[in-house]
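Source file: protein-v8.cif (mmCIF, C-alpha atoms)
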data_structure
loop_
_atom_site.label_atom_id
_atom_site.label_comp_id
_atom_site.auth_asym_id
_atom_site.auth_seq_id
_atom_site.Cartn_x
_atom_site.Cartn_y
_atom_site.Cartn_z
CA MET C 1 22.62 59.95 31.16
CA PRO C 2 24.29 56.52 30.71
CA ILE C 3 24.09 56.47 26.93
CA LEU C 4 26.10 59.69 26.71
CA LYS C 5 28.85 58.62 29.12
CA LYS C 6 32.31 59.06 27.54
CA SER C 7 30.51 60.34 24.44
CA LEU C 8 32.72 63.21 23.26
CA PRO C 9 35.11 61.12 21.12
CA PHE C 10 32.17 59.06 19.91
CA CYS C 11 30.19 62.15 18.92
CA ALA C 12 33.22 63.35 16.96
CA ALA C 13 33.12 60.08 15.03
CA ILE C 14 29.39 60.45 14.42
CA SER C 15 29.84 63.96 13.08
CA ALA C 16 31.99 62.50 10.31
CA ALA C 17 29.00 60.50 9.09
CA LEU C 18 26.43 63.27 8.59
CA LEU C 19 24.62 64.97 5.72
CA LEU C 20 23.93 62.22 3.11
CA THR C 21 21.23 59.71 2.09
CA VAL C 22 20.74 56.07 3.06
CA SER C 23 18.51 53.50 1.38
CA ALA C 24 16.28 51.20 3.41
CA CYS C 25 13.36 48.77 3.23
CA ASP C 26 10.89 50.51 5.55
CA THR C 27 8.34 48.12 7.06
CA GLN C 28 6.95 50.66 9.52
CA SER C 29 7.36 54.38 10.18
CA ASP C 30 10.58 55.28 11.97
CA GLY C 31 10.77 59.04 12.31
CA ALA C 32 13.29 60.54 14.71
CA GLU C 33 12.02 63.59 16.54
CA GLN C 34 13.72 66.90 15.92
CA GLY C 35 16.30 67.67 18.58
CA ASP C 36 16.92 64.02 19.47
CA ARG C 37 20.72 63.88 19.52
CA THR C 38 20.76 60.09 19.87
CA ARG C 39 19.22 59.58 16.41
CA ILE C 40 20.94 61.10 13.38
CA VAL C 41 19.93 60.89 9.72
CA VAL C 42 23.00 59.83 7.73
CA SER C 43 23.99 58.31 4.40
CA ASP C 44 26.76 56.65 2.47
CA GLU C 45 29.45 59.13 1.52
CA ASN C 46 29.24 58.98 -2.25
CA GLY C 47 25.49 59.06 -2.68
CA THR C 48 25.85 55.81 -4.59
CA GLY C 49 22.70 54.11 -3.32
CA GLN C 50 21.04 52.70 -6.40
CA ALA C 51 18.55 50.39 -4.71
CA LYS C 52 14.85 51.12 -4.70
CA GLY C 53 13.31 52.32 -1.46
CA PRO C 54 13.16 55.41 0.76
CA ALA C 55 16.41 57.37 0.59
CA SER C 56 16.67 57.79 4.35
CA GLY C 57 18.33 56.05 7.26
CA THR C 58 19.18 56.63 10.89
CA LEU C 59 22.20 56.17 13.12
CA ASP C 60 20.84 55.45 16.60
CA ILE C 61 22.93 55.55 19.81
CA SER C 62 19.97 55.46 22.22
CA LYS C 63 20.68 51.79 23.07
CA ARG C 64 24.39 52.37 23.64
CA GLY C 65 25.64 50.14 26.46
CA SER C 66 22.80 47.62 26.30
CA THR C 67 23.60 43.91 26.23
CA MET C 68 23.25 41.93 23.01
CA PRO C 69 20.01 39.90 22.89
CA ASP C 70 20.11 36.23 23.82
CA ILE C 71 18.48 35.07 20.59
CA GLY C 72 19.39 31.84 18.83
CA PHE C 73 19.84 31.54 15.07
CA GLU C 74 21.51 29.16 12.63
CA GLY C 75 25.16 29.25 11.66
CA PRO C 76 26.47 28.56 8.13
CA ASP C 77 27.12 24.95 9.12
CA GLY C 78 23.54 24.48 10.32
CA VAL C 79 24.57 24.47 13.98
CA PRO C 80 22.58 26.68 16.38
CA THR C 81 24.47 29.76 17.54
CA SER C 82 23.89 33.14 19.22
CA LEU C 83 25.59 36.51 19.33
CA SER C 84 27.27 35.72 22.64
CA ASP C 85 29.29 33.01 20.87
CA PHE C 86 31.21 35.81 19.13
CA LYS C 87 32.24 37.84 22.17
CA GLY C 88 35.94 38.55 22.49
CA LYS C 89 36.20 41.10 19.71
CA PRO C 90 33.71 43.59 18.30
CA VAL C 91 30.75 42.22 16.33
CA LEU C 92 28.86 43.92 13.51
CA VAL C 93 25.46 42.25 13.06
CA ASN C 94 23.65 42.94 9.79
CA LEU C 95 19.99 41.92 9.38
CA TRP C 96 19.07 41.56 5.73
CA ALA C 97 16.82 39.65 3.33
CA THR C 98 17.10 38.58 -0.30
CA TRP C 99 13.91 40.50 -1.15
CA CYS C 100 15.29 43.77 0.28
CA ALA C 101 17.04 45.66 -2.54
CA PRO C 102 18.99 48.07 -0.29
CA CYS C 103 20.18 45.07 1.74
CA VAL C 104 21.48 43.31 -1.35
CA HIS C 105 23.05 46.55 -2.57
CA GLU C 106 25.26 46.92 0.51
CA MET C 107 26.27 43.25 0.87
CA PRO C 108 29.44 43.52 -1.28
CA THR C 109 30.68 46.37 0.91
CA LEU C 110 30.04 44.28 4.02
CA ASP C 111 32.03 41.47 2.43
CA ALA C 112 34.91 43.86 1.75
CA LEU C 113 34.73 45.18 5.33
CA ALA C 114 34.78 41.64 6.73
CA ALA C 115 37.90 40.81 4.73
CA ARG C 116 39.66 44.07 5.58
CA GLU C 117 38.93 44.00 9.33
CA LYS C 118 38.83 40.25 10.00
CA ALA C 119 41.54 40.56 12.67
CA ARG C 120 39.55 43.15 14.61
CA LEU C 121 35.88 42.55 13.77
CA HIS C 122 33.31 39.78 13.31
CA VAL C 123 30.83 40.65 10.54
CA LEU C 124 27.65 38.55 10.79
CA THR C 125 25.13 38.81 7.96
CA VAL C 126 21.97 37.24 9.37
CA SER C 127 19.19 36.60 6.86
CA GLN C 128 15.60 37.25 7.92
CA ASP C 129 14.19 35.28 4.96
CA ILE C 130 11.57 32.86 6.25
CA GLN C 131 12.49 30.50 3.36
CA GLY C 132 15.97 30.20 4.84
CA GLU C 133 18.63 28.36 2.89
CA ASP C 134 16.28 27.78 -0.08
CA VAL C 135 16.72 31.42 -1.09
CA VAL C 136 19.87 32.46 0.79
CA ASP C 137 22.22 29.72 -0.44
CA PRO C 138 21.54 30.41 -4.16
CA TYR C 139 22.08 34.13 -3.58
CA PHE C 140 25.41 33.58 -1.81
CA SER C 141 26.50 31.12 -4.49
CA GLU C 142 25.80 33.63 -7.25
CA ALA C 143 27.35 36.57 -5.38
CA GLU C 144 30.59 34.67 -4.68
CA PHE C 145 31.38 36.56 -1.49
CA LYS C 146 34.91 36.06 -0.20
CA THR C 147 34.45 36.43 3.56
CA ILE C 148 30.89 36.86 4.85
CA ARG C 149 28.89 33.69 5.43
CA PRO C 150 25.13 33.01 5.44
CA PHE C 151 23.63 32.99 8.93
CA LEU C 152 19.88 32.26 9.04
CA ASP C 153 17.19 33.62 11.36
CA THR C 154 14.01 32.22 9.80
CA GLU C 155 12.00 33.02 12.96
CA ASN C 156 13.05 36.68 12.71
CA GLY C 157 14.09 36.61 16.37
CA LEU C 158 16.75 39.30 16.02
CA ASN C 159 14.44 41.48 13.94
CA PHE C 160 11.80 41.33 16.68
CA ALA C 161 14.43 41.99 19.35
CA TYR C 162 15.75 45.13 17.63
CA GLN C 163 12.24 46.40 16.73
CA THR C 164 13.47 48.88 14.15
CA GLY C 165 10.89 47.97 11.48
CA ILE C 166 13.57 48.55 8.83
CA MET C 167 16.00 46.42 6.89
CA PRO C 168 18.87 46.47 6.65
CA THR C 169 19.52 47.05 10.32
CA THR C 170 23.16 46.86 11.38
CA VAL C 171 24.24 46.83 15.04
CA LEU C 172 27.78 47.24 16.37
CA TYR C 173 28.77 45.56 19.65
CA ASP C 174 32.05 45.93 21.50
CA ALA C 175 34.11 42.92 22.56
CA ALA C 176 32.12 42.60 25.80
CA GLY C 177 28.82 42.36 23.92
CA LYS C 178 27.61 45.90 24.67
CA GLU C 179 25.86 47.85 21.92
CA VAL C 180 27.74 50.84 20.51
CA TRP C 181 25.28 52.00 17.84
CA ARG C 182 22.80 50.73 15.28
CA MET C 183 22.20 51.82 11.70
CA THR C 184 18.79 51.45 10.10
CA GLY C 185 19.32 51.73 6.36
CA SER C 186 22.09 50.74 4.00
CA MET C 187 25.64 52.10 4.12
CA ASP C 188 28.75 52.04 1.98
CA TRP C 189 30.80 50.01 4.45
CA ASN C 190 33.88 50.75 2.34
CA GLY C 191 33.48 54.48 2.87
CA SER C 192 35.28 56.87 5.21
CA ARG C 193 32.12 57.65 7.18
CA ALA C 194 31.56 54.00 8.03
CA ALA C 195 35.25 53.68 8.91
CA ALA C 196 35.00 56.66 11.27
CA LEU C 197 31.96 55.18 13.01
CA LEU C 198 33.72 51.85 13.48
CA GLU C 199 37.20 53.02 14.39
CA GLU C 200 36.60 54.10 18.00
CA THR C 201 35.43 50.59 18.86
CA LEU C 202 37.96 48.71 16.71
CA ALA C 203 40.88 50.72 18.07
CA ASN C 204 39.70 50.34 21.67
CA PRO C 205 37.46 47.24 21.75
CA GLU C 206 37.17 47.11 25.53
CA GLY C 207 35.78 50.64 25.63
#
structure tokens encoding of this file:
Amino acid sequence: MPILKKSLPFCAAISAALLLTVSACDTQSDGAEQGDRTRIVVSDENGTGQAKGPASGTLDISKRGSTMPDIGFEGPDGVPTSLSDFKGKPVLVNLWATWCAPCVHEMPTLDALAAREKARLHVLTVSQDIQGEDVVDPYFSEAEFKTIRPFLDTENGLNFAYQTGIMPTTVLYDAAGKEVWRMTGSMDWNGSRAAALLEETLANPEG
């Protein structure tokens, strides 16, 4: 099976991320079947999720190896961009919205991750708010993030492409633009479990 090719080291990394709870804004049911080893219920390591919403999330490797979608969205400078513009080093794409409490809860940890791994990783926080900059810019201004910047996807193109029905959804791509895994639900991106999930790709970006 292609998605399990060279999977032993990757599965070891996944095993470090098990047995906790993840918060999410569930917009449609997303239940993994028992015995499906490509979909694993996980959580942040400290159980610190304080946001409202279902305390469940899923790490999904079923799309491993697939190419990033060719979907346009708006960069922080208002210039159209796409995920392919960021090829060359791994990319972590986070879909979020200002109305999604679990999304907002994890944003500071994404900002810290972006600062810590800026030499090895692009972190793109792409808002799915249909009001765009009218709601996103005030939020970013108040939050005073140091590294992440506000990308806008007011047409929800990436959300439709991923079809998870949950926010936040976070997808990791390698430097060639191939999907490694996706997380539906919030994570402590400062935690050791997130670090373990990222490290295989960051240490060996070309796969």
Please, what distance in Å, to one decimal, runs between CA of Val171 in chain C and CA of Val91 in chain C?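 According to the coordinates, CA of Val171 in chain C and CA of Val91 in chain C are separated by 8.1 Å.
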Which one is closest to Thr164 in chain C: C:Lys63, C:Arg149, C:Lys89, C:His105? Count all atoms listed in the file.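 Closest candidate: C:Lys63.
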With the PyMOL selection byres ((chain C and resi 151) around 6) as the selection, what would be picked from this file? Answer as a PyMOL selection string, please. chain C and resi 74-76+126+150+152
d(CA of Thr98 in chain C, CA of Ile40 in chain C) in Å: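 Between CA of Thr98 in chain C and CA of Ile40 in chain C the gap works out to 26.6 Å.
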Tell me which of C:Val93, C:Met167, C:Ala161, C:Leu198 sits closest to Ser186 in chain C, counting all atoms listed in the file.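 The shortest atom-to-atom distance to Ser186 in chain C comes from C:Met167.
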Closest atom pairs, range 156-196 of chain C residues within 9 Å of range 108-124 of chain C, all atoms listed in the file, as JSON lines:
{"residue": "C:Ala175", "atom": "CA", "partner": "C:Leu121", "partner_atom": "CA", "distance": 9.0}
{"residue": "C:Met187", "atom": "CA", "partner": "C:Thr109", "partner_atom": "CA", "distance": 8.3}
{"residue": "C:Asp188", "atom": "CA", "partner": "C:Thr109", "partner_atom": "CA", "distance": 6.1}
{"residue": "C:Trp189", "atom": "CA", "partner": "C:Thr109", "partner_atom": "CA", "distance": 5.1}
{"residue": "C:Asn190", "atom": "CA", "partner": "C:Thr109", "partner_atom": "CA", "distance": 5.6}
{"residue": "C:Gly191", "atom": "CA", "partner": "C:Thr109", "partner_atom": "CA", "distance": 8.8}
Which is closest to Glu199 in chain C among C:Val180, C:Ala97, C:Ile130, C:Leu83, if we use only C-alpha atoms? C:Val180
